Amino acid sequence: MESLETEAVPEQVLVLIVRDQPGTLFQISAVFSNRGISMSSIHLHEESIPCNGKPCTRLVIRFFGEDSRKKIILRLLSRLDCVLESGDSG
Amino acid sequence: MDISIIGANGSTGKHIANRILLERILLPTDRLQLVGRNKGSSGQALYGFRQDLKDAFAERCPIIDIAFHPEEVVADIIIMAAGSTIQAHNAPDSPPPSRDELALYNQQIAIPYAEALAKYSHGHEVVIVVTNPVELIVEIFSQHYNRHRVVGMGAYQDSLRFRREVARSINVSREAVHAMVLGEHGDGIVPVWSGVTIQGFSDNETRRAIRTVRSSIRSTDFPANLSLMRNEVIKIAQKNGMAEAFQLFDTFPPDIRTMVGPFLTLFSGTKTDIATANATVDLIKSMLSGKDTVIAAQVSLNKEFLDVKAPIGAPVIISPKGWDAIYPVSLSDGENHLFLESARSIQEKMHTWKV
């Protein structure tokens with residue numbers, strides 16, 4: 001019988017500085033859900049970061065996926081108006 | 001899903017954006033990226049265009065993103081519609097740009113986008129090429145990216161025109177006619193009469209119907225007939241105006257009308273952007289349907305069809321991943337000859353354009 005065992009998919013961590021406004025989390029989560037990726041955790045820092053006088057916050061998202069997925073997800077997130085900075089943890 | 005339109009400020013790009021939103025291809029959480037040049041009024045106008053789209057489509061409008069640099073292009077489907085177009089040849093004092101001039105100009109626009117795609121892509125993007133000369137731009141992208149993910153619009157649009165013109169001559173709907181045009185998107189087109197099928201017609205009835213409407217019995221006579229009839233209609237257009245030219249056009253056989261139609265449209269001073277945009281969005285819908293679909297499209301062949309190694313209109317099976325394989329069609333001897341001639345001509349042009 002053909003084996004269905006595969007290599008473990010690595011966990012990816014993204015760190016975003018986002019606008020603290022209605023709809024931000026919805027737009028970001030859509031980038032993941034539209035591509036069939038499930039976020040394993042979302043951590044929203046309670047302390048607000050001022051960015052050009054507007055309230056912003058730091059968002060840490062973890063998900064399981066290949067490095068190439070992380071690369072494209074980061075590029076897609078960086079095109080959203082609500083995402084001011086995007087990067088990975090390493 | 002995200003779609004990027006390179007050349008969104010051009011008339012074809014704008015029509016494509018409009019049709020994508022009108023057909024609700026993108027969800028409100030998807031993204032439409034409008035890519036333009038950040039120079040002069042053109043770049044600024046893109047912001048106004050975005051606002052106009054938002055006003056028009058309000059609640060069901062996707063996220064609309066504006067980008068000005070090739071490295072900013074990121075999407076699942078990338079539509080290459082940037083570049084100059086073949087101008088209407090109705091000003092006798094100013095000659096239109098030659099195909100070579102057009103090629104050199106559009107080549108310089110396409111190369112940075114192809115290079116950026118090679119550098120930043122994740123390998124799953126599909127590029128749909130609208131810019132002319134479509135064979136040249138397909139080849140540029142295919143040299144930088146997976147050629148199976150680069151599809152040119154030319155033969156697809158020519159096939160839609162051919163089907164419509166055949167349907168008109170036989171007096172059936174376009175949906176009832178299955179037909180293809182292969183070869184070059186230009187004078188080197190190859191109308192595949194041997195593959196025409198008409199819904200509800202037996203093979204014998206189809207053969208008889210085709211015999212009465214096609215321009216010549218032998219496919220090899222097609223280029224000469226095309227040249228003759230096009231010159232004739234130009235003379236009438238110059239002498240008696242467009243109304244009479246279109247009256248004459250209506251009497252032409254369907255294969256000739258397929259080529260002369262867009263030419264006459266340009267000659268009248270207007271553009272073929274609406275038909276091009278509709279065909280582009282049609283192709284996207286076919287790709288996204290999830291079904292394997294057979295179409296004619298410009299792809300960079302590597303001897304998969306008639307041993308041709310060139311970017312050319314060929315019968316391909318498309319899917320959301322681009323073109324998977326060649327669909328095996330058998331051509332008549334005349335069509336075979338025309339296709340190989342067309343391929344030879346494209347190879348010469350590629351050599352001239354140093355691709």
# chains A, B, ... in the order shown; residues from 1 in each chain; ligands from 1
>>> select_by_dssp(residues="stretch 41-141 of chain B", states="helix (DSSP H, G or I)", output="ChimeraX atom specification")
/B:41-60,70-72,99-120,134-141
>>> residues_around(residues="A:His43", least_positions_apart="6", cutoff="12 Å", atoms="only C-alpha atoms", output="VMD selection string")
chain A and resid 13 to 17 25 57 to 63
>>> write_last_selection(atoms="C-alpha atoms", output="CSV table (one decimal), in the first residue's frame")
chain,number,residue,atom,x,y,z
A,13,VAL,CA,5.9,32.8,12.9
A,14,LEU,CA,5.0,36.2,11.4
A,15,VAL,CA,5.3,39.5,13.3
A,16,LEU,CA,3.2,42.3,12.0
A,17,ILE,CA,2.7,45.9,13.0
A,25,LEU,CA,-8.0,41.1,11.8
A,57,THR,CA,-0.5,47.2,17.6
A,58,ARG,CA,1.8,44.2,17.2
A,59,LEU,CA,0.4,41.0,16.0
A,60,VAL,CA,2.2,37.6,16.1
A,61,ILE,CA,0.7,34.9,14.0
A,62,ARG,CA,1.8,31.2,14.0
A,63,PHE,CA,0.9,28.7,11.3
>>> select_by_dssp(residues="stretch 83-250 of chain B", states="strand (DSSP E or B)", output="number ranges by chain")
B: 126-129, 150-152, 177-178, 181-183, 189-191, 197-198
>>> residues_around(residues="stretch 34-37 of chain A", least_positions_apart="2", cutoff="8 Å", atoms="only C-alpha atoms", output="PyMOL selection string")
(chain A and resi 30-32+39+63-65) or (chain B and resi 1+30)
>>> write_last_selection(atoms="N, CA and C atoms", output="compact mmCIF listing (two decimals), in the first residue's frame")
# COMPACT_ATOMS: atom_id res chain seq x y z
N ALA A 30 -8.31 36.68 6.24
CA ALA A 30 -8.77 36.28 4.90
C ALA A 30 -7.60 35.85 4.02
N VAL A 31 -6.45 36.48 4.18
CA VAL A 31 -5.27 36.11 3.40
C VAL A 31 -4.91 34.64 3.68
N PHE A 32 -5.08 34.23 4.92
CA PHE A 32 -4.77 32.84 5.29
C PHE A 32 -5.90 31.90 4.84
N MET A 39 -4.50 29.32 10.91
CA MET A 39 -3.56 29.93 11.86
C MET A 39 -3.60 29.12 13.16
N PHE A 63 1.58 29.65 12.18
CA PHE A 63 0.87 28.68 11.34
C PHE A 63 1.86 27.62 10.84
N PHE A 64 1.32 26.52 10.38
CA PHE A 64 2.18 25.46 9.85
C PHE A 64 2.18 25.54 8.32
N GLY A 65 3.35 25.59 7.74
CA GLY A 65 3.44 25.67 6.28
C GLY A 65 4.88 25.70 5.82
N MET B 1 -8.33 34.65 -3.49
CA MET B 1 -7.51 34.79 -4.69
C MET B 1 -7.25 36.26 -4.99
N ASP B 30 -10.84 39.25 -1.22
CA ASP B 30 -9.76 39.08 -2.19
C ASP B 30 -9.18 40.45 -2.55
>>> interface_residues(of="chain A", to="chain B", cutoff="12 Å", atoms="only C-alpha atoms", output="PyMOL selection string")
chain A and resi 23-36+66-82
>>> atom_distance(atom1="atom CA of B:Ala325", atom2="atom CA of B:Ile284")
17.6 Å
>>> atom_distance(atom1="atom CA of A:Val18", atom2="atom CA of A:Leu84")
5.5 Å
